[in-house]
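Worksheet: the structure to be examined is printed underneath.
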Amino acid sequence: MKRVRGRGRVRKRVRIGAPDPSLTGTSGVAALAEFIEKLDLVGRLDRGIGAIKERERGATGGQVLVSLAQCQLLGGDVLAALDRQRQDVAGSALSAVPVLASTTAAGLARRFGPAQLAGLEGAVADLTGHAVGLLPASRRAVLAAAVTVDLDSTDVEVYGPTKQGVAYNYHGQRAGRPHLGTWAEAGLTLAAELLAGNEDVRPRAADLLRRLLAGIPEDIRSAAADWDRLRVRADAGYFTADLAHAAVAAGCDFAIAAKRNTAMWRAYAAIPEDAWGAAEGMPGAQVAAVDYAPQGWPPHTYTIVRRVRIEAEDISDDPRSRRRRTIETNQLTLALEGAASHAHAVSFIVTNIPANDHPTEPTEPAEAGAPPVASITQVESWFRRRTDIEDRIREAKLGAALRHLPSGDHAINTVWMWAALLAGNISVLLQALTGIDQRHRAHGARLRHELLCVPARIVRHGRQLILRLPPGQQLLPTVLARIRALPTAA
């Protein structure tokens, strides 16, 4: 080996040796494989999806989804990432499912139709019920104490004129629109569909809600209903009486952000100054309630109003500013002209959640064992945690690969979307069932760094596979030990 003189020291020239097929950069696949087998994930998916081809040979529908989800968990963001992962011989040997070629995966994903996708949601519900049953009793009790379901959508921009099932959204982007339903407390996505960028989610919201509720384990739903009604949250894109009636018919209370229309502004103007109370955890914000319900909404509907003081100099001169749209027109004009020192950004929530008239003080329960009626402030604070579903969307896009729709075929893109959502659910369940989320649940990038994409050498000795990890404290041995301690699926 030649020595090369540098500044003040002698450094060795590096020589590249022969490739070592026993090395892998993704030793955490071992944990994924044992976790997938422990939950019988592929079997559950196959039983729900059913056959995707006439001959029983090659990969099944469950294997396709798990292979794609595993690819995304390891950082793959396009179908061709499957081919790159196949080149990792040692890592592929650790996988619980075959690492498919990209063309094979795409060809099989194209076979998924409405029946297979409906069965997929049933399989996710089956998986959720089994996994929740494995949680410690204390964690199950927390999940059963309150059940909140969230609805939301996100746009995924695409390029090229040949993609099916996409359209221009209101931003002028060609996009697909994943439409999701999540169980907030568990952090799981239980229902989804892939729409075009110009499709309105409101006509589909009631059906998605019914499918979402069906995905929550029956014992959790029953326990939550015994203590308090289930709750549905949604933003202003879901402002429709149909969703509110569907929630009530399903035994749920609802809270839906409202459009800032003329009727809402009139209701806001009628609120006396002494009716406002300070919001929880939001400095400068105040909340109040008005006895106003849009026409045709369920009985006992009312409106919660939140306002946030904004100094006049902080209001943008750009008419496209989003905040300007939250300020009442006359207030905005006065603030921009310098006639007023401040204005209020205002938001409206239409709900039927029982609450007293006082902004901050909850009332005593009507009978022994019943929960106290919440204050208006508590209801508004709970609604702000609707960002839980935005975190699920962010994880699907950044922790997995829903930031792309990689194919021109709508069926393949739908399977890709479900693989990203399944990857998120696997991450959540893996962390919950092994207890490594006690302090905070790791996002996808950190989980890859700490557990999944850790290099190792595979050694075969005594009919066993031995992973030789880098020096230092590693998470993989702890996770594997805890996975093995879980009961095996029947």
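Going through the structure tokens in order, the chains are called A, B, and so on, while each chain numbers its residues from 1 and the ligands are numbered from 1 in the order shown.
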At a cut-off of 12 Å, using only C-alpha atoms, what residues contact Leu39 of chain A? Leave out same-chain residues fewer than 5 positions from it and give the result as a short mmCIF file (atom, residue, chain, number, x, y, z; two decimals) with N, CA and C atoms, in the first residue's frame.
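The result, written out as part-v3.cif:
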data_model
loop_
_atom_site.label_atom_id
_atom_site.label_comp_id
_atom_site.auth_asym_id
_atom_site.auth_seq_id
_atom_site.Cartn_x
_atom_site.Cartn_y
_atom_site.Cartn_z
N LEU A 32 -37.96 -5.93 10.99
CA LEU A 32 -39.19 -5.87 10.21
C LEU A 32 -39.70 -7.27 9.89
N ALA A 33 -38.79 -8.16 9.49
CA ALA A 33 -39.20 -9.51 9.10
C ALA A 33 -39.84 -10.26 10.26
N GLU A 34 -39.21 -10.21 11.43
CA GLU A 34 -39.77 -10.93 12.57
C GLU A 34 -41.08 -10.29 13.03
N ARG A 44 -52.79 -11.99 6.85
CA ARG A 44 -53.99 -11.17 7.05
C ARG A 44 -54.32 -10.39 5.78
N LEU A 45 -53.31 -9.83 5.14
CA LEU A 45 -53.55 -9.09 3.90
C LEU A 45 -54.08 -10.02 2.82
N ALA A 96 -38.74 -10.82 5.15
CA ALA A 96 -39.81 -11.80 5.35
C ALA A 96 -40.56 -12.09 4.06
N ALA A 123 -58.55 -6.04 5.95
CA ALA A 123 -57.33 -6.65 6.49
C ALA A 123 -56.63 -5.69 7.44
N VAL A 124 -56.62 -4.40 7.13
CA VAL A 124 -56.01 -3.41 8.02
C VAL A 124 -56.78 -3.37 9.34
N ASP A 126 -58.41 -5.91 10.65
CA ASP A 126 -58.04 -7.15 11.34
C ASP A 126 -56.69 -6.99 12.01
N LEU A 127 -55.72 -6.44 11.30
CA LEU A 127 -54.39 -6.21 11.86
C LEU A 127 -54.46 -5.28 13.06
N THR A 128 -55.25 -4.21 12.94
CA THR A 128 -55.36 -3.24 14.04
C THR A 128 -55.94 -3.90 15.29
N GLY A 129 -57.00 -4.68 15.11
CA GLY A 129 -57.60 -5.34 16.25
C GLY A 129 -56.63 -6.29 16.94
N HIS A 130 -55.88 -7.06 16.15
CA HIS A 130 -54.92 -7.99 16.74
C HIS A 130 -53.80 -7.24 17.45
N ALA A 131 -53.25 -6.21 16.81
CA ALA A 131 -52.12 -5.49 17.40
C ALA A 131 -52.53 -4.76 18.67
N VAL A 132 -53.72 -4.13 18.67
CA VAL A 132 -54.17 -3.43 19.87
C VAL A 132 -54.37 -4.42 21.02
N GLY A 133 -54.80 -5.63 20.70
CA GLY A 133 -54.95 -6.65 21.73
C GLY A 133 -53.65 -7.07 22.37
N LEU A 134 -52.52 -6.82 21.70
CA LEU A 134 -51.21 -7.18 22.24
C LEU A 134 -50.61 -6.06 23.10
N ILE A 426 -47.10 0.18 10.15
CA ILE A 426 -46.09 -0.76 10.66
C ILE A 426 -45.14 -0.04 11.61
N LEU A 429 -47.02 0.65 14.95
CA LEU A 429 -47.26 -0.57 15.73
C LEU A 429 -45.95 -1.18 16.24
N LEU A 430 -44.91 -1.16 15.40
CA LEU A 430 -43.62 -1.69 15.84
C LEU A 430 -43.12 -0.94 17.06
N LEU A 433 -45.60 -1.69 20.18
CA LEU A 433 -45.55 -3.04 20.75
C LEU A 433 -44.18 -3.38 21.33
N ILE A 483 -39.75 -8.11 20.23
CA ILE A 483 -40.63 -8.73 19.22
C ILE A 483 -40.79 -10.21 19.52
N ARG A 484 -39.70 -10.89 19.84
CA ARG A 484 -39.76 -12.32 20.12
C ARG A 484 -40.56 -12.63 21.37
N LEU A 486 -43.36 -11.20 22.09
CA LEU A 486 -44.78 -11.05 21.80
C LEU A 486 -45.41 -12.40 21.50
N PRO A 487 -46.71 -12.56 21.83
CA PRO A 487 -47.38 -13.82 21.47
C PRO A 487 -47.44 -13.98 19.95
N THR A 488 -47.31 -15.20 19.49
CA THR A 488 -47.39 -15.48 18.07
C THR A 488 -48.84 -15.49 17.63
N ALA A 489 -49.13 -14.90 16.46
CA ALA A 489 -50.51 -14.88 15.95
C ALA A 489 -51.01 -16.30 15.73
N ALA A 490 -52.29 -16.52 16.11
CA ALA A 490 -52.88 -17.85 15.95
C ALA A 490 -53.10 -18.13 14.47
#
field: Residue list (alpha helix (DSSP H), DSSP) for segment 28-167 of chain A, as a ChimeraX atom specification
entry: /A:29-38,41-49,61-73,81-86,89-94,102-109,114-134,137-145
Which segment 49-106 of chain A residues have any atom within 9 Å of an atom of segment 28-31 of chain A, and for each, what is the nearest pair of atoms with distance in Å to one decimal, counting only C-alpha atoms, rows sorted by chain and number, as a tab-separated table?
residue	atom	partner	partner_atom	distance
A:Gln70	CA	A:Val29	CA	8.1
A:Leu74	CA	A:Val29	CA	8.4
A:Gly91	CA	A:Val29	CA	6.8
A:Ser92	CA	A:Val29	CA	8.4
A:Leu94	CA	A:Ala30	CA	5.4
A:Ser95	CA	A:Val29	CA	5.9
A:Ala96	CA	A:Ala30	CA	8.2
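Minimum distance to Gly281 of chain A across A:Leu334, A:Arg384, A:Arg439, A:Gly43 (counting only C-alpha atoms) occurs at A:Arg384.
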message: Could you check the closest approach to Thr162 of chain A for each of A:Lys397, A:Arg309, A:His410, A:Arg84 and tell me which residue wins, using only C-alpha atoms?
response: A:His410
- prompt: Given the choices A:Ser407, A:Thr351, A:Thr333, A:Ser321, which gets closest to Arg233 of chain A if the distance is worked out from only C-alpha atoms?
  reply: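 The shortest atom-to-atom distance to Arg233 of chain A comes from A:Thr351.
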Within 10 Å of segment 108-114 of chain A, which residues of segment 378-483 of chain A show up? Give each one with its shortest atom-to-atom distance in Å (one decimal) and the two atoms involved, counting only C-alpha atoms, rows by chain then rising residue number, as a tab-separated table.
residue	atom	partner	partner_atom	distance
A:Asp409	CA	A:Arg110	CA	7.4
A:His410	CA	A:Arg110	CA	8.2
A:Ala411	CA	A:Arg110	CA	5.3
A:Ile412	CA	A:Ala109	CA	5.1
A:Asn413	CA	A:Ala109	CA	8.5
A:Thr414	CA	A:Ala109	CA	8.5
A:Val415	CA	A:Ala109	CA	6.1
A:Trp416	CA	A:Ala109	CA	8.3
Who sits within 9 Å of Ala105 of chain A, only C-alpha atoms, same chain under 5 positions skipped, as number ranges by chain: A: 59, 64-65, 67-68, 79, 82, 100, 110, 412
Residues as selected, N, CA and C atoms, written as a PDB file, in the first residue's frame, can you do that?
ATOM      1  N   ALA A  59     -45.770 -14.125  -6.372  1.00  0.00           N
ATOM      2  CA  ALA A  59     -46.097 -13.289  -5.224  1.00  0.00           C
ATOM      3  C   ALA A  59     -47.602 -13.092  -5.090  1.00  0.00           C
ATOM      4  N   VAL A  64     -46.973  -8.315  -2.263  1.00  0.00           N
ATOM      5  CA  VAL A  64     -46.725  -7.102  -3.045  1.00  0.00           C
ATOM      6  C   VAL A  64     -46.771  -5.875  -2.145  1.00  0.00           C
ATOM      7  N   LEU A  65     -47.817  -5.776  -1.336  1.00  0.00           N
ATOM      8  CA  LEU A  65     -47.973  -4.605  -0.471  1.00  0.00           C
ATOM      9  C   LEU A  65     -46.861  -4.522   0.566  1.00  0.00           C
ATOM     10  N   SER A  67     -43.868  -5.876   0.421  1.00  0.00           N
ATOM     11  CA  SER A  67     -42.603  -5.587  -0.245  1.00  0.00           C
ATOM     12  C   SER A  67     -42.474  -4.101  -0.559  1.00  0.00           C
ATOM     13  N   LEU A  68     -43.555  -3.490  -1.042  1.00  0.00           N
ATOM     14  CA  LEU A  68     -43.536  -2.054  -1.334  1.00  0.00           C
ATOM     15  C   LEU A  68     -43.423  -1.238  -0.051  1.00  0.00           C
ATOM     16  N   LEU A  79     -40.533   3.121  -7.767  1.00  0.00           N
ATOM     17  CA  LEU A  79     -40.595   1.669  -7.969  1.00  0.00           C
ATOM     18  C   LEU A  79     -39.211   1.081  -8.240  1.00  0.00           C
ATOM     19  N   LEU A  82     -36.968  -0.809  -5.668  1.00  0.00           N
ATOM     20  CA  LEU A  82     -37.021  -2.253  -5.446  1.00  0.00           C
ATOM     21  C   LEU A  82     -35.835  -2.952  -6.101  1.00  0.00           C
ATOM     22  N   LEU A 100     -39.371  -7.848  -4.668  1.00  0.00           N
ATOM     23  CA  LEU A 100     -39.809  -8.013  -6.056  1.00  0.00           C
ATOM     24  C   LEU A 100     -39.065  -7.080  -6.992  1.00  0.00           C
ATOM     25  N   ARG A 110     -51.217  -3.662 -10.698  1.00  0.00           N
ATOM     26  CA  ARG A 110     -52.229  -3.294 -11.684  1.00  0.00           C
ATOM     27  C   ARG A 110     -53.471  -4.184 -11.579  1.00  0.00           C
ATOM     28  N   ILE A 412     -51.877   1.188  -9.973  1.00  0.00           N
ATOM     29  CA  ILE A 412     -50.549   1.062  -9.365  1.00  0.00           C
ATOM     30  C   ILE A 412     -50.327   2.175  -8.351  1.00  0.00           C
TER      31      ILE A 412
END
As a PDB file with C-alpha atoms, in the first residue's frame, please: the residues near Asp152 of chain A (cut-off 8 Å, only C-alpha atoms, same-chain neighbours under 5 positions excluded).
ATOM      1  CA  HIS A 179     -58.256  10.989   0.971  1.00  0.00           C
ATOM      2  CA  LEU A 180     -57.537   9.540   4.420  1.00  0.00           C
ATOM      3  CA  GLY A 181     -59.319   8.535   7.605  1.00  0.00           C
ATOM      4  CA  ALA A 234     -62.553  17.579   9.999  1.00  0.00           C
ATOM      5  CA  ASP A 235     -61.417  20.857   8.456  1.00  0.00           C
ATOM      6  CA  ILE A 389     -53.854  13.558  10.928  1.00  0.00           C
ATOM      7  CA  GLU A 390     -51.521  16.101   9.352  1.00  0.00           C
TER       8      GLU A 390
END
